[in-house]
$ cat start.txt   # compact mmCIF, C-alpha atoms
# COMPACT_ATOMS: atom_id res chain seq x y z
CA MET A 1 123.84 -98.56 88.31
CA VAL A 2 120.56 -96.64 88.28
CA PHE A 3 118.35 -96.16 85.24
CA ASN A 4 116.66 -92.80 84.89
CA PRO A 5 113.33 -93.30 83.06
CA ASP A 6 113.06 -89.53 82.40
CA PHE A 7 115.84 -90.01 79.84
CA LEU A 8 113.21 -91.69 77.66
CA LYS A 9 110.96 -88.64 77.42
CA SER A 10 111.09 -87.07 73.98
CA ASP A 11 108.86 -85.41 71.44
CA VAL A 12 106.08 -87.42 69.76
CA GLN A 13 107.58 -87.32 66.25
CA GLU A 14 110.97 -88.63 67.42
CA THR A 15 109.28 -91.44 69.37
CA ALA A 16 107.14 -92.51 66.42
CA GLU A 17 110.27 -92.91 64.27
CA ASN A 18 112.28 -94.88 66.84
CA GLN A 19 110.86 -98.31 67.64
CA LEU A 20 113.42 -99.03 70.36
CA LEU A 21 112.60 -95.78 72.14
CA THR A 22 108.89 -96.60 71.91
CA TYR A 23 109.55 -100.04 73.37
CA LEU A 24 111.68 -98.62 76.21
CA GLN A 25 108.99 -96.07 77.03
CA SER A 26 106.40 -98.85 77.31
CA GLN A 27 108.44 -100.67 79.96
CA HIS A 28 107.75 -100.23 83.66
CA PRO A 29 110.57 -98.31 85.41
CA ASP A 30 111.12 -101.27 87.76
CA VAL A 31 111.91 -103.53 84.79
CA LEU A 32 114.43 -101.02 83.44
CA ALA A 33 116.01 -100.60 86.87
CA THR A 34 116.34 -104.37 87.27
CA VAL A 35 118.07 -104.69 83.90
CA ALA A 36 120.43 -101.82 84.74
CA GLN A 37 121.28 -103.36 88.12
CA SER A 38 122.13 -106.71 86.54
CA ALA A 39 125.32 -105.32 84.99
CA SER A 40 128.46 -106.72 86.58
CA SER A 41 131.09 -104.47 88.17
CA ASP A 42 133.42 -105.27 85.23
CA ILE A 43 130.85 -103.96 82.74
CA LYS A 44 130.21 -100.85 84.84
CA GLU A 45 133.95 -100.15 84.97
CA ILE A 46 134.38 -100.50 81.18
CA ILE A 47 131.40 -98.23 80.48
CA SER A 48 132.69 -95.68 82.98
CA ARG A 49 136.09 -95.64 81.30
CA ASN A 50 134.45 -95.35 77.88
CA VAL A 51 132.31 -92.38 78.90
CA GLN A 52 135.28 -90.72 80.63
CA GLY A 53 137.30 -91.19 77.46
CA LEU A 54 134.55 -89.55 75.42
CA VAL A 55 134.06 -86.50 77.65
CA GLY A 56 137.55 -86.26 79.09
CA VAL A 57 138.74 -86.64 82.64
CA LEU A 58 140.44 -84.02 84.76
CA PRO A 59 141.02 -84.40 88.48
CA SER A 60 138.12 -82.68 90.24
CA ASP A 61 140.31 -81.53 93.14
CA HIS A 62 142.35 -79.29 90.78
CA PHE A 63 139.76 -78.33 88.17
CA ASP A 64 136.18 -77.15 88.18
CA VAL A 65 135.03 -79.18 85.19
CA GLN A 66 131.77 -78.38 83.43
CA ILE A 67 130.63 -80.06 80.24
CA THR A 68 128.05 -78.39 78.06
CA THR A 69 126.26 -80.08 75.19
CA ASN A 70 122.93 -80.16 73.44
CA ARG A 71 120.18 -82.74 73.77
CA GLU A 72 121.09 -84.62 70.58
CA ASN A 73 124.74 -85.06 71.54
CA LEU A 74 123.82 -86.17 75.05
CA ALA A 75 121.29 -88.65 73.64
CA GLY A 76 124.02 -90.00 71.36
CA LEU A 77 126.38 -90.40 74.30
CA LEU A 78 123.73 -92.20 76.36
CA ALA A 79 122.80 -94.44 73.43
CA SER A 80 126.47 -95.27 72.92
CA ALA A 81 126.87 -96.17 76.58
CA MET A 82 123.73 -98.33 76.48
CA MET A 83 124.83 -100.17 73.33
CA THR A 84 128.28 -100.69 74.82
CA GLY A 85 126.62 -102.15 77.91
CA TYR A 86 124.48 -104.54 75.90
CA PHE A 87 127.46 -105.63 73.82
CA LEU A 88 129.64 -106.15 76.90
CA ARG A 89 126.90 -108.12 78.65
CA GLN A 90 126.59 -110.43 75.65
CA MET A 91 130.35 -110.90 75.53
CA GLU A 92 130.45 -111.58 79.27
CA GLN A 93 127.75 -114.24 78.86
CA ARG A 94 129.69 -115.75 75.96
CA MET A 95 132.87 -115.82 78.05
CA HIS A 96 131.07 -117.65 80.88
CA LEU A 97 129.51 -120.08 78.41
CA GLU A 98 132.91 -120.84 76.86
CA GLU A 99 134.41 -121.33 80.33
CA ASN A 100 131.63 -123.75 81.27
CA LEU A 101 131.95 -125.62 77.98
CA SER A 102 135.71 -125.97 78.38
CA ARG A 103 135.24 -127.31 81.92
CA THR A 104 132.63 -129.77 80.65
CA GLY A 105 134.95 -130.81 77.83
CA SER A 106 137.83 -131.43 80.23
CA ILE A 107 135.58 -133.53 82.49
CA ASP A 108 134.50 -135.69 79.53
CA SER A 109 138.10 -136.31 78.44

$ encode --input "start.txt" --output "structure tokens"
Amino acid sequence: MVFNPDFLKSDVQETAENQLLTYLQSQHPDVLATVAQSASSDIKEIISRNVQGLVGVLPSDHFDVQITTNRENLAGLLASAMMTGYFLRQMEQRMHLEENLSRTGSIDS
């Protein structure tokens, strides 16, 4: 998974109103790339399915698919995918924590 830092470029007024966007813009691209690469293959698969469900999927060998949208809708789609990724990562960490706790509990018994 590659993070494109150019996605963060926006007009000054929009940036001033969005603290998260300002924070993301202040990060070094290497930091953002490292975070993006830390996503597991399960998370990447779920996000891929989610995005495909939002934009639709047609087999490329039978259709010449082109999707057209404006900047605001694309930004919304990217923000949705990012939030889904963060949520899934937290749930994945919780799952691993619960698994480890249950193993620890069974050892103590």

$ atom_distance --input "start.txt" --atom1 "CA of Gly85 (chain A)" --atom2 "CA of Glu99 (chain A)"
20.8 Å

$ residues_around --input "start.txt" --residues "region 33-48 of chain A" --least-positions-apart "6" --cutoff "12 Å" --atoms "only C-alpha atoms" --output "short mmCIF file (atom, residue, chain, number, x, y, z; two decimals) with C-alpha atoms, in the frame of the given file"
data_model
loop_
_atom_site.label_atom_id
_atom_site.label_comp_id
_atom_site.auth_asym_id
_atom_site.auth_seq_id
_atom_site.Cartn_x
_atom_site.Cartn_y
_atom_site.Cartn_z
CA MET A 1 123.84 -98.56 88.31
CA VAL A 2 120.56 -96.64 88.28
CA PHE A 3 118.35 -96.16 85.24
CA ASN A 4 116.66 -92.80 84.89
CA PRO A 5 113.33 -93.30 83.06
CA LEU A 24 111.68 -98.62 76.21
CA GLN A 27 108.44 -100.67 79.96
CA LEU A 54 134.55 -89.55 75.42
CA VAL A 55 134.06 -86.50 77.65
CA GLY A 56 137.55 -86.26 79.09
CA VAL A 57 138.74 -86.64 82.64
CA LEU A 77 126.38 -90.40 74.30
CA LEU A 78 123.73 -92.20 76.36
CA ALA A 79 122.80 -94.44 73.43
CA SER A 80 126.47 -95.27 72.92
CA ALA A 81 126.87 -96.17 76.58
CA MET A 82 123.73 -98.33 76.48
CA MET A 83 124.83 -100.17 73.33
CA THR A 84 128.28 -100.69 74.82
CA GLY A 85 126.62 -102.15 77.91
CA TYR A 86 124.48 -104.54 75.90
CA PHE A 87 127.46 -105.63 73.82
CA LEU A 88 129.64 -106.15 76.90
CA ARG A 89 126.90 -108.12 78.65
CA GLN A 90 126.59 -110.43 75.65
CA MET A 91 130.35 -110.90 75.53
CA GLU A 92 130.45 -111.58 79.27
CA GLN A 93 127.75 -114.24 78.86
#

$ atom_distance --input "start.txt" --atom1 "CA of Ile107 (chain A)" --atom2 "CA of Met95 (chain A)"
18.5 Å

$ atom_distance --input "start.txt" --atom1 "CA of Asn73 (chain A)" --atom2 "CA of Tyr23 (chain A)"
21.4 Å

$ closest_residue --input "start.txt" --among "A:Val65, A:Ala75, A:Val51, A:Leu97" --to "Leu21 (chain A)" --atoms "only C-alpha atoms"
A:Ala75
